[in-house]
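Visitor: One file is attached below, start-v2.cif, containing mmCIF, C-alpha atoms.
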```cif
data_entry
#
loop_
_atom_site.label_atom_id
_atom_site.label_comp_id
_atom_site.auth_asym_id
_atom_site.auth_seq_id
_atom_site.Cartn_x
_atom_site.Cartn_y
_atom_site.Cartn_z
CA MET A 19 31.76 17.82 -8.19
CA ARG A 20 32.47 14.10 -8.03
CA PRO A 21 29.85 11.63 -9.33
CA ARG A 22 27.17 10.45 -6.97
CA PRO A 23 28.29 7.74 -4.54
CA LYS A 24 27.41 4.29 -5.84
CA ARG A 25 25.10 3.68 -2.88
CA LEU A 26 22.79 6.38 -4.23
CA GLU A 27 22.98 5.02 -7.76
CA ARG A 28 21.94 1.61 -6.43
CA LEU A 29 18.66 2.94 -5.09
CA PRO A 30 15.62 1.78 -7.08
CA GLU A 31 13.09 4.24 -8.42
CA GLN A 32 10.92 5.45 -5.55
CA TYR A 33 7.72 3.65 -6.43
CA PHE A 34 5.21 5.94 -4.74
CA GLY A 35 6.91 9.10 -5.98
CA ALA A 36 6.79 7.76 -9.53
CA LEU A 37 3.17 6.67 -9.10
CA LEU A 38 2.17 10.12 -7.88
CA ALA A 39 3.98 11.72 -10.82
CA ARG A 40 2.10 9.53 -13.31
CA VAL A 41 -1.23 10.31 -11.66
CA THR A 42 -0.44 14.03 -11.61
CA ALA A 43 0.49 13.97 -15.30
CA ALA A 44 -2.72 12.14 -16.20
CA ALA A 45 -4.77 14.59 -14.12
CA ALA A 46 -3.38 17.47 -16.17
CA LEU A 47 -4.90 16.04 -19.35
CA ASP A 48 -8.42 16.80 -20.51
CA GLY A 49 -11.10 14.54 -19.08
CA GLU A 50 -12.96 13.68 -15.91
CA PRO A 51 -11.10 14.27 -12.64
CA ILE A 52 -8.82 11.38 -11.74
CA VAL A 53 -10.09 9.07 -8.99
CA ASP A 54 -7.06 7.92 -7.01
CA LEU A 55 -7.39 4.52 -5.30
CA GLY A 56 -3.68 3.88 -5.53
CA ARG A 57 -2.05 5.30 -2.43
CA GLY A 58 -2.32 4.08 1.14
CA ASN A 59 -2.59 7.50 2.73
CA PRO A 60 -5.00 7.29 5.70
CA GLU A 61 -7.91 9.61 5.09
CA THR A 62 -8.93 9.88 8.75
CA GLY A 63 -6.63 11.33 11.37
CA PRO A 64 -6.26 10.43 15.02
CA PRO A 65 -8.94 10.95 17.67
CA GLN A 66 -9.36 14.53 18.85
CA TYR A 67 -7.88 13.79 22.28
CA VAL A 68 -4.59 12.87 20.57
CA VAL A 69 -4.55 16.13 18.61
CA ASP A 70 -5.36 18.01 21.82
CA ALA A 71 -2.46 16.30 23.60
CA LEU A 72 -0.12 17.43 20.82
CA ALA A 73 -1.37 21.01 20.99
CA GLU A 74 -1.11 21.14 24.77
CA ALA A 75 2.42 19.76 24.73
CA ALA A 76 3.54 22.05 21.92
CA ASN A 77 2.27 25.10 23.83
CA ARG A 78 4.56 24.44 26.78
CA PRO A 79 7.62 26.72 26.77
CA THR A 80 9.83 23.70 27.44
CA ALA A 81 8.58 21.74 24.41
CA HIS A 82 11.01 22.95 21.80
CA GLY A 83 14.36 21.74 23.01
CA TYR A 84 15.93 18.41 22.19
CA ALA A 85 14.03 15.39 23.43
CA PRO A 86 15.91 12.41 24.86
CA PHE A 87 17.85 10.75 22.06
CA ARG A 88 16.20 7.37 22.53
CA GLY A 89 12.65 8.53 23.19
CA LEU A 90 10.70 9.35 26.30
CA PRO A 91 10.77 6.53 28.88
CA GLU A 92 7.01 6.97 29.25
CA LEU A 93 6.54 6.32 25.52
CA ARG A 94 8.65 3.17 25.58
CA ALA A 95 6.64 2.00 28.60
CA ALA A 96 3.34 2.77 26.82
CA ILE A 97 4.14 0.68 23.73
CA ALA A 98 5.42 -2.14 25.96
CA GLU A 99 2.13 -2.07 27.86
CA ARG A 100 0.13 -2.21 24.62
CA TYR A 101 2.16 -5.22 23.53
CA ARG A 102 1.51 -6.92 26.87
CA THR A 103 -2.24 -6.32 27.00
CA VAL A 104 -3.19 -6.50 23.30
CA TYR A 105 -0.62 -8.77 21.64
CA GLY A 106 0.41 -10.98 24.56
CA VAL A 107 4.10 -10.02 24.43
CA GLU A 108 6.35 -9.04 27.33
CA LEU A 109 8.92 -6.38 26.41
CA ASP A 110 11.64 -4.67 28.41
CA PRO A 111 11.01 -0.98 27.58
CA ASP A 112 14.63 -0.07 28.29
CA ASN A 113 16.33 -2.71 26.15
CA GLU A 114 13.80 -4.13 23.70
CA VAL A 115 12.16 -0.95 22.39
CA ALA A 116 13.66 1.52 19.91
CA VAL A 117 11.74 4.68 18.96
CA VAL A 118 12.02 5.68 15.28
CA PRO A 119 10.67 8.59 13.21
CA GLY A 120 8.30 6.37 11.26
CA THR A 121 8.79 2.72 10.41
CA LYS A 122 9.68 3.59 6.81
CA THR A 123 12.92 4.87 8.33
CA ALA A 124 13.35 1.58 10.18
CA ILE A 125 12.71 -0.46 7.03
CA VAL A 126 15.86 0.99 5.52
CA GLU A 127 17.92 1.28 8.69
CA LEU A 128 17.36 -2.35 9.67
CA SER A 129 19.09 -3.46 6.47
CA LEU A 130 21.97 -1.12 7.32
CA ALA A 131 22.11 -2.55 10.84
CA LEU A 132 21.92 -6.20 9.79
CA ALA A 133 23.51 -6.56 6.35
CA GLU A 134 26.61 -5.52 4.45
CA ARG A 135 28.25 -6.05 1.08
CA GLY A 136 28.33 -9.73 0.23
CA SER A 137 25.39 -10.70 2.42
CA THR A 138 21.78 -11.19 1.30
CA VAL A 139 18.48 -9.68 2.40
CA VAL A 140 15.48 -11.89 1.62
CA LEU A 141 12.20 -10.11 0.86
CA PRO A 142 8.72 -11.57 0.44
CA ASP A 143 7.45 -11.56 -3.14
CA PRO A 144 5.13 -9.67 -3.47
CA TRP A 145 6.78 -7.04 -1.25
CA TYR A 146 6.16 -3.51 0.00
CA PRO A 147 7.88 -1.29 -2.59
CA ASP A 148 10.21 0.44 -0.12
CA TYR A 149 11.80 -2.80 1.09
CA PRO A 150 14.50 -2.97 -1.65
CA SER A 151 15.92 0.43 -0.68
CA GLY A 152 17.63 -0.88 2.47
CA PRO A 153 19.61 -3.67 0.78
CA ALA A 154 20.59 -1.22 -1.97
CA LEU A 155 22.08 1.26 0.51
CA ALA A 156 23.75 -1.54 2.47
CA GLY A 157 25.34 -2.94 -0.68
CA ALA A 158 23.72 -6.29 0.05
CA GLU A 159 22.27 -8.72 -2.45
CA LEU A 160 18.50 -8.96 -2.73
CA ALA A 161 16.70 -12.30 -2.89
CA THR A 162 13.08 -13.32 -2.46
CA VAL A 163 10.91 -15.91 -0.80
CA PRO A 164 7.74 -16.43 -2.87
CA LEU A 165 4.36 -15.89 -1.27
CA ASP A 166 2.06 -18.62 -2.54
CA PRO A 167 -1.46 -17.42 -3.39
CA ALA A 168 -2.69 -21.03 -3.25
CA ALA A 169 -1.45 -21.18 0.36
CA HIS A 170 -3.08 -17.92 1.52
CA TRP A 171 0.01 -15.87 0.56
CA GLN A 172 2.30 -17.60 3.05
CA PRO A 173 6.07 -17.84 2.32
CA ASP A 174 7.44 -20.95 0.64
CA PHE A 175 10.66 -21.31 2.64
CA ALA A 176 11.74 -24.30 0.54
CA ARG A 177 12.40 -21.77 -2.25
CA ALA A 178 14.28 -19.24 -0.08
CA PRO A 179 18.11 -18.97 -0.29
CA ARG A 180 20.24 -20.49 2.42
CA ASP A 181 23.70 -18.99 1.91
CA GLY A 182 24.88 -15.64 3.25
CA VAL A 183 21.44 -14.54 4.44
CA ALA A 184 21.60 -11.59 6.85
CA ALA A 185 17.90 -10.76 7.17
CA LEU A 186 14.45 -11.99 6.23
CA TYR A 187 11.59 -9.49 5.94
CA LEU A 188 7.93 -10.49 6.37
CA ASN A 189 4.74 -8.51 6.87
CA TYR A 190 1.36 -9.70 8.15
CA PRO A 191 -1.29 -8.50 7.67
CA SER A 192 0.33 -8.31 4.26
CA ASN A 193 0.81 -5.23 2.12
CA PRO A 194 -0.03 -5.68 -0.74
CA CYS A 195 -1.66 -9.12 -0.49
CA ALA A 196 -4.10 -8.23 2.35
CA ALA A 197 -3.64 -11.72 3.85
CA VAL A 198 -3.15 -12.59 7.51
CA VAL A 199 -0.54 -14.95 8.88
CA ARG A 200 -1.40 -18.64 9.13
CA ASP A 201 -0.50 -21.11 11.86
CA GLY A 202 3.09 -22.25 11.54
CA THR A 203 4.41 -19.41 9.37
CA PHE A 204 6.20 -17.55 12.15
CA GLU A 205 7.53 -20.83 13.57
CA ARG A 206 8.98 -21.72 10.16
CA ALA A 207 10.52 -18.24 9.90
CA ILE A 208 12.25 -18.79 13.24
CA ASP A 209 13.53 -22.19 12.07
CA TYR A 210 14.82 -20.54 8.88
CA ALA A 211 16.59 -17.89 10.95
CA HIS A 212 18.36 -20.56 13.03
CA GLU A 213 19.27 -22.50 9.89
CA THR A 214 20.80 -19.49 8.11
CA ASP A 215 21.90 -17.25 11.02
CA ALA A 216 19.57 -14.59 9.60
CA ALA A 217 17.58 -12.04 11.56
CA VAL A 218 13.82 -11.82 11.06
CA VAL A 219 12.23 -8.40 10.53
CA HIS A 220 8.43 -8.46 10.81
CA ASP A 221 6.55 -5.38 9.62
CA PHE A 222 3.40 -5.17 11.79
CA ALA A 223 2.15 -1.86 10.37
CA TYR A 224 -1.43 -3.14 9.92
CA ALA A 225 -1.52 -4.95 13.27
CA ASP A 226 -5.03 -3.86 14.21
CA LEU A 227 -6.72 -3.54 10.80
CA LEU A 228 -8.29 -6.99 10.62
CA PHE A 229 -11.57 -8.18 9.16
CA ASP A 230 -14.18 -10.85 9.81
CA GLY A 231 -13.56 -11.13 13.54
CA ARG A 232 -9.84 -11.91 13.32
CA GLY A 233 -7.51 -10.93 16.15
CA PRO A 234 -3.97 -9.51 15.84
CA GLN A 235 -1.01 -11.92 15.75
CA SER A 236 2.37 -10.48 16.64
CA PHE A 237 5.49 -12.29 15.47
CA LEU A 238 6.97 -11.61 18.91
CA ALA A 239 4.27 -13.75 20.55
CA THR A 240 5.81 -16.82 18.90
CA PRO A 241 8.18 -18.71 21.24
CA GLY A 242 11.77 -17.93 20.33
CA ALA A 243 10.94 -14.89 18.18
CA LYS A 244 12.91 -12.41 20.29
CA ASP A 245 15.98 -14.63 20.00
CA VAL A 246 16.14 -14.05 16.25
CA GLY A 247 14.26 -10.91 15.32
CA VAL A 248 12.29 -7.73 15.74
CA GLU A 249 8.91 -6.33 14.85
CA MET A 250 8.08 -2.86 13.55
CA PHE A 251 4.93 -1.20 14.91
CA SER A 252 3.62 2.02 13.38
CA MET A 253 1.36 4.71 14.83
CA SER A 254 0.24 5.50 11.27
CA LYS A 255 -2.35 2.82 10.59
CA SER A 256 -3.89 1.91 13.95
CA TYR A 257 -4.19 5.53 15.07
CA GLY A 258 -4.30 7.55 11.82
CA MET A 259 -1.03 9.33 12.65
CA ALA A 260 0.65 8.77 9.27
CA GLY A 261 2.11 12.24 8.80
CA TRP A 262 3.37 12.39 12.39
CA ARG A 263 6.20 9.95 11.59
CA LEU A 264 6.52 7.81 14.70
CA GLY A 265 7.04 4.09 15.12
CA PHE A 266 8.97 1.43 17.00
CA VAL A 267 11.41 -1.43 16.50
CA LEU A 268 10.68 -4.05 19.17
CA GLY A 269 12.07 -7.37 20.29
CA ASN A 270 15.65 -8.58 20.06
CA ALA A 271 17.74 -6.36 22.35
CA GLU A 272 20.88 -6.43 20.19
CA ILE A 273 18.98 -5.34 17.06
CA ALA A 274 17.12 -2.64 19.00
CA GLU A 275 20.47 -1.35 20.26
CA ARG A 276 21.83 -1.22 16.71
CA ILE A 277 18.86 0.96 15.70
CA ASN A 278 19.42 3.13 18.77
CA LEU A 279 23.09 3.49 17.83
CA LEU A 280 22.14 4.70 14.37
CA ASN A 281 19.68 7.10 16.00
CA ASP A 282 22.42 8.47 18.29
CA HIS A 283 24.47 9.41 15.24
CA CYS A 284 21.84 10.27 12.62
CA ARG A 285 18.56 11.49 14.11
CA VAL A 286 18.91 12.27 17.82
CA GLY A 287 15.29 12.05 18.80
CA VAL A 288 11.71 12.88 17.86
CA PHE A 289 9.87 16.12 18.68
CA ARG A 290 8.66 15.74 22.25
CA PRO A 291 5.01 16.81 21.71
CA ILE A 292 4.61 14.08 19.08
CA GLN A 293 5.85 11.54 21.60
CA GLU A 294 3.48 12.88 24.27
CA ALA A 295 0.56 12.67 21.84
CA ALA A 296 1.55 9.07 21.05
CA ILE A 297 1.47 8.27 24.75
CA ALA A 298 -2.06 9.69 24.84
CA ALA A 299 -3.02 7.52 21.85
CA LEU A 300 -1.55 4.33 23.31
CA THR A 301 -2.93 4.81 26.82
CA GLY A 302 -6.23 6.60 26.12
CA PRO A 303 -9.58 5.29 24.83
CA GLN A 304 -9.10 2.66 22.11
CA GLU A 305 -12.52 2.70 20.47
CA SER A 306 -11.18 4.53 17.41
CA VAL A 307 -8.87 1.62 16.56
CA ALA A 308 -11.75 -0.82 16.22
CA GLU A 309 -13.91 1.78 14.46
CA ARG A 310 -11.17 2.32 11.88
CA ALA A 311 -10.99 -1.41 11.15
CA THR A 312 -14.79 -1.61 10.88
CA THR A 313 -14.83 1.23 8.34
CA TYR A 314 -12.22 -0.46 6.17
CA GLU A 315 -14.02 -3.79 6.40
CA ARG A 316 -17.23 -2.18 5.16
CA ARG A 317 -15.36 -0.64 2.24
CA ARG A 318 -13.64 -3.95 1.56
CA ASP A 319 -17.04 -5.55 1.18
CA ARG A 320 -18.00 -2.97 -1.45
CA VAL A 321 -14.84 -3.68 -3.46
CA LEU A 322 -15.43 -7.44 -3.33
CA ASP A 323 -18.78 -6.83 -5.00
CA VAL A 324 -16.77 -5.68 -8.04
CA VAL A 325 -13.58 -7.79 -8.12
CA ASP A 326 -12.74 -11.39 -7.30
CA ALA A 327 -10.24 -11.20 -4.44
CA VAL A 328 -9.60 -12.04 -0.81
CA SER A 329 -8.88 -9.28 1.68
CA GLU A 330 -8.46 -10.33 5.31
CA GLY A 331 -6.92 -7.14 6.72
CA THR A 332 -4.99 -3.91 6.01
CA PHE A 333 -6.80 -1.25 4.01
CA TYR A 334 -6.11 -2.81 0.61
CA VAL A 335 -7.52 -5.25 -1.88
CA TRP A 336 -5.02 -7.09 -4.09
CA PHE A 337 -6.46 -8.57 -7.27
CA ARG A 338 -5.41 -9.94 -10.64
CA LEU A 339 -6.30 -7.77 -13.62
CA PRO A 340 -7.85 -9.34 -16.71
CA GLU A 341 -5.21 -9.95 -19.40
CA GLU A 342 -6.38 -7.15 -21.64
CA LEU A 343 -6.61 -4.57 -18.84
CA THR A 344 -3.62 -2.80 -17.32
CA ALA A 345 -3.25 -0.20 -14.59
CA GLU A 346 -1.99 2.20 -17.25
CA ARG A 347 -5.13 1.74 -19.33
CA LEU A 348 -7.28 2.27 -16.25
CA LEU A 349 -5.46 5.53 -15.63
CA THR A 350 -5.48 6.93 -19.16
CA GLU A 351 -8.77 5.57 -20.51
CA HIS A 352 -10.93 5.35 -17.38
CA ARG A 353 -9.34 8.09 -15.24
CA LEU A 354 -8.85 5.64 -12.37
CA ALA A 355 -5.54 5.30 -10.53
CA LEU A 356 -4.65 1.99 -8.89
CA ALA A 357 -1.23 0.87 -7.64
CA PRO A 358 0.28 -1.28 -10.44
CA GLY A 359 1.48 -4.65 -9.21
CA GLU A 360 4.78 -4.38 -11.09
CA GLY A 361 6.16 -2.23 -8.27
CA PHE A 362 5.50 -4.90 -5.65
CA GLY A 363 8.10 -7.44 -6.73
CA PRO A 364 8.75 -9.89 -9.59
CA SER A 365 5.41 -11.70 -9.19
CA GLY A 366 3.36 -8.49 -9.13
CA ALA A 367 2.98 -8.14 -12.90
CA GLY A 368 -0.66 -8.36 -13.89
CA TRP A 369 -1.92 -7.49 -10.41
CA ALA A 370 -3.11 -4.22 -8.88
CA ARG A 371 -3.75 -2.87 -5.40
CA ILE A 372 -6.87 -0.93 -4.46
CA SER A 373 -6.68 1.36 -1.43
CA LEU A 374 -9.61 1.62 0.95
CA ALA A 375 -8.07 4.67 2.64
CA VAL A 376 -10.31 7.12 0.79
CA SER A 377 -13.72 8.60 1.46
CA ASP A 378 -16.80 6.50 0.79
CA GLU A 379 -17.76 8.87 -2.01
CA THR A 380 -14.39 8.57 -3.74
CA LEU A 381 -14.45 4.79 -3.43
CA GLU A 382 -17.92 4.55 -4.98
CA VAL A 383 -16.94 6.67 -7.99
CA GLY A 384 -13.77 4.63 -8.42
CA LEU A 385 -15.66 1.35 -8.24
CA GLU A 386 -18.13 2.51 -10.88
CA ARG A 387 -15.20 3.24 -13.21
CA LEU A 388 -13.58 -0.08 -12.41
CA ARG A 389 -16.83 -1.95 -13.01
CA SER A 390 -17.17 -0.22 -16.38
CA ALA A 391 -13.57 -1.07 -17.33
CA LEU A 392 -14.00 -4.72 -16.39
CA ALA A 393 -17.16 -4.92 -18.49
CA ASP A 394 -15.51 -3.55 -21.66
#
```
Let me see the structure of the file written as structure tokens.
Guide:
Amino acid sequence: MRPRPKRLERLPEQYFGALLARVTAAAALDGEPIVDLGRGNPETGPPQYVVDALAEAANRPTAHGYAPFRGLPELRAAIAERYRTVYGVELDPDNEVAVVPGTKTAIVELSLALAERGSTVVLPDPWYPDYPSGPALAGAELATVPLDPAAHWQPDFARAPRDGVAALYLNYPSNPCAAVVRDGTFERAIDYAHETDAAVVHDFAYADLLFDGRGPQSFLATPGAKDVGVEMFSMSKSYGMAGWRLGFVLGNAEIAERINLLNDHCRVGVFRPIQEAAIAALTGPQESVAERATTYERRRDRVLDVVDAVSEGTFYVWFRLPEELTAERLLTEHRLALAPGEGFGPSGAGWARISLAVSDETLEVGLERLRSALAD
């Protein structure tokens, strides 16, 4: 057999797979059970009416054939209506909406659709650990725009590259920084796109998980945004449908069509009952969305009793570890798993991410161990 293609060799280590392996290895050693506050795996599923819609659709004899390649028209209309009523954005469901099997798929495919060898994809630093995979597969160069903690984790575009830029990725509310977007950031991203001929990709996975009375801010609501970019929306976080693998790429019609073209050749659709359940989630009662955010805000408050940090949204807290304390020491000596900051980009060293997507009981045990470690 020939050696692996270079595109596979370029892929970075899969951060979350490696993290899980380290936690599993530590759990096999003698000691107290490991408390895992490292992974963002929603602990609460969707409302029952969404599960019921899935079951009803799956029980139809006609459910098991191929769904339309580009998603059910009713689903595209439902996400467009949510964008209109909740985020203040008008979308053409036929031309500005692409249905994807989870936005993690879109994270990679957007680099394939926008970049090629010799071009550059600019990522925020800190970044979500799966962002570098797309540029690697595309053969593109990877560069960063620093997020400035003194400026509420907003990008410093003066330090971003200008030559050969194919795409700029941003995400607000931010994973891992748990910061929300500030006035002017999206406008400056659009200016940067015009200056460099880059496309903007905004990851809106945590759109509705906001704290302290904040409201959601879609990139696409910024004048001129659809001229230069797209936004990814996930059913995972707002509706607790993480394992269902369903999301959207929305906005610029040309970029949406590129994603649809990849879908036509690579994926050819999503299981119809999942799409019908998503329609039920998007068009049914929305109380669970606000309740989910309220739960995470309450847990956020408990974490901020223990660590010095700011968390304005998502279900994370991002904080700097004391010099003498590392995530590895927390794991091996205190049986507490956090997400080490080193996997979140060049500036992540010395930081760690705490997940709030665990039960209250698990969080309390984890915080007791963290408090003890910080006091040592």
Visitor: Would you please work out which residue, of A:Thr80, A:Gln172, A:Ser252, A:Ser390, is nearest to Val118 of chain A when using all atoms listed in the file?
Guide: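 Of A:Thr80, A:Gln172, A:Ser252, A:Ser390, the one nearest Val118 of chain A, counting all atoms listed in the file, is A:Ser252.
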Visitor: Applied to the shown file, which residues does the PyMOL selection byres ((chain A and resi 123) around 10) return, written as a short mmCIF file (atom, residue, chain, number, x, y, z; two decimals) with C-alpha atoms, in the coordinates of the input?
Guide:
```
data_model
loop_
_atom_site.label_atom_id
_atom_site.label_comp_id
_atom_site.auth_asym_id
_atom_site.auth_seq_id
_atom_site.Cartn_x
_atom_site.Cartn_y
_atom_site.Cartn_z
CA VAL A 118 12.02 5.68 15.28
CA PRO A 119 10.67 8.59 13.21
CA GLY A 120 8.30 6.37 11.26
CA THR A 121 8.79 2.72 10.41
CA LYS A 122 9.68 3.59 6.81
CA ALA A 124 13.35 1.58 10.18
CA ILE A 125 12.71 -0.46 7.03
CA VAL A 126 15.86 0.99 5.52
CA GLU A 127 17.92 1.28 8.69
CA LEU A 128 17.36 -2.35 9.67
CA ASP A 148 10.21 0.44 -0.12
CA GLY A 152 17.63 -0.88 2.47
CA ARG A 263 6.20 9.95 11.59
CA LEU A 264 6.52 7.81 14.70
CA GLY A 265 7.04 4.09 15.12
#
```
Visitor: In Å, with one decimal, what is the gap from atom CA of Phe362 of chain A to atom CA of Leu228 of chain A?
Guide: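 Atom CA of Phe362 of chain A sits 21.4 Å away from atom CA of Leu228 of chain A.
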Visitor: Might you pull out every residue within 12 Å of Leu280 of chain A, with only C-alpha atoms counted and same-chain residues fewer than 4 positions away left off, and present them as a PyMOL selection string?
Guide: chain A and resi 87-88+116-118+123-124+126-132+273-276+284-287
Visitor: Taking all atoms listed in the file into account, name the residue in A:Thr62, A:Leu29, A:Tyr187, A:Arg180 that is nearest to Leu155 of chain A.
Guide: A:Leu29
Visitor: Quick check, in Å to one decimal: how far apart do atom CA of Gly35 of chain A and atom CA of Ala357 of chain A lie?
Guide: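 Between atom CA of Gly35 of chain A and atom CA of Ala357 of chain A the gap works out to 11.7 Å.
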Visitor: Please write as JSON, numbers by chain the full residue list that the PyMOL selection byres ((chain A and resi 343) around 12) yields on this file.
Guide: {"A": [338, 339, 340, 341, 342, 344, 345, 346, 347, 348, 349, 350, 351, 352, 358, 367, 368, 369, 370, 388, 390, 391, 392, 393, 394]}
Visitor: For the atom pair atom CA of Val163 of chain A and atom CA of Leu141 of chain A, what is the interatomic distance in Å to one decimal place?
Guide: 6.2 Å
Visitor: Translate the PyMOL selection byres ((chain A and resi 203) around 12) into a concrete residue list for this structure, as a list of chain:residue names.
Guide: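 Applied to this file, the PyMOL selection byres ((chain A and resi 203) around 12) selects A:Leu165, A:Ala169, A:His170, A:Trp171, A:Gln172, A:Pro173, A:Asp174, A:Phe175, A:Leu188, A:Asn189, A:Tyr190, A:Val198, A:Val199, A:Arg200, A:Asp201, A:Gly202, A:Phe204, A:Glu205, A:Arg206, A:Ala207, A:Ile208, A:Asp209, A:Tyr210, A:His220, A:Gln235, A:Ser236, A:Phe237, A:Thr240, A:Ala243.
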Visitor: Please rebuild segment 274-294 of chain A with N, CA and C atoms and return the result as a short mmCIF file (atom, residue, chain, number, x, y, z; two decimals), in the frame of the given file.
Guide:
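The resulting selection10.cif:
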```cif
data_model
loop_
_atom_site.label_atom_id
_atom_site.label_comp_id
_atom_site.auth_asym_id
_atom_site.auth_seq_id
_atom_site.Cartn_x
_atom_site.Cartn_y
_atom_site.Cartn_z
N ALA A 274 17.64 -3.93 18.53
CA ALA A 274 17.12 -2.64 19.00
C ALA A 274 18.26 -1.69 19.33
N GLU A 275 19.32 -2.20 19.93
CA GLU A 275 20.47 -1.35 20.26
C GLU A 275 21.16 -0.85 19.00
N ARG A 276 21.23 -1.67 17.97
CA ARG A 276 21.83 -1.22 16.71
C ARG A 276 21.03 -0.05 16.12
N ILE A 277 19.69 -0.15 16.18
CA ILE A 277 18.86 0.96 15.70
C ILE A 277 19.07 2.19 16.58
N ASN A 278 19.15 2.00 17.88
CA ASN A 278 19.42 3.13 18.77
C ASN A 278 20.77 3.76 18.47
N LEU A 279 21.76 2.95 18.15
CA LEU A 279 23.09 3.49 17.83
C LEU A 279 23.03 4.35 16.57
N LEU A 280 22.32 3.87 15.55
CA LEU A 280 22.14 4.70 14.37
C LEU A 280 21.43 6.00 14.72
N ASN A 281 20.40 5.90 15.57
CA ASN A 281 19.68 7.10 16.00
C ASN A 281 20.62 8.09 16.70
N ASP A 282 21.50 7.59 17.56
CA ASP A 282 22.42 8.47 18.29
C ASP A 282 23.27 9.30 17.34
N HIS A 283 23.58 8.73 16.18
CA HIS A 283 24.47 9.41 15.24
C HIS A 283 23.73 10.17 14.14
N CYS A 284 22.51 9.74 13.81
CA CYS A 284 21.84 10.27 12.62
C CYS A 284 20.63 11.15 12.90
N ARG A 285 19.86 10.84 13.96
CA ARG A 285 18.56 11.49 14.11
C ARG A 285 18.39 12.21 15.43
N VAL A 286 18.95 11.70 16.46
CA VAL A 286 18.91 12.27 17.82
C VAL A 286 17.52 12.72 18.25
N GLY A 287 16.57 11.81 18.15
CA GLY A 287 15.29 12.05 18.80
C GLY A 287 14.16 12.50 17.91
N VAL A 288 12.96 12.49 18.50
CA VAL A 288 11.71 12.88 17.86
C VAL A 288 11.10 14.01 18.69
N PHE A 289 10.49 14.98 18.03
CA PHE A 289 9.87 16.12 18.68
C PHE A 289 9.01 15.66 19.86
N ARG A 290 9.29 16.22 21.03
CA ARG A 290 8.66 15.74 22.25
C ARG A 290 7.13 15.78 22.21
N PRO A 291 6.47 16.84 21.73
CA PRO A 291 5.01 16.81 21.71
C PRO A 291 4.42 15.66 20.89
N ILE A 292 5.09 15.24 19.83
CA ILE A 292 4.61 14.08 19.08
C ILE A 292 4.67 12.84 19.95
N GLN A 293 5.75 12.70 20.71
CA GLN A 293 5.85 11.54 21.60
C GLN A 293 4.77 11.59 22.68
N GLU A 294 4.50 12.77 23.23
CA GLU A 294 3.48 12.88 24.27
C GLU A 294 2.09 12.57 23.70
#
```
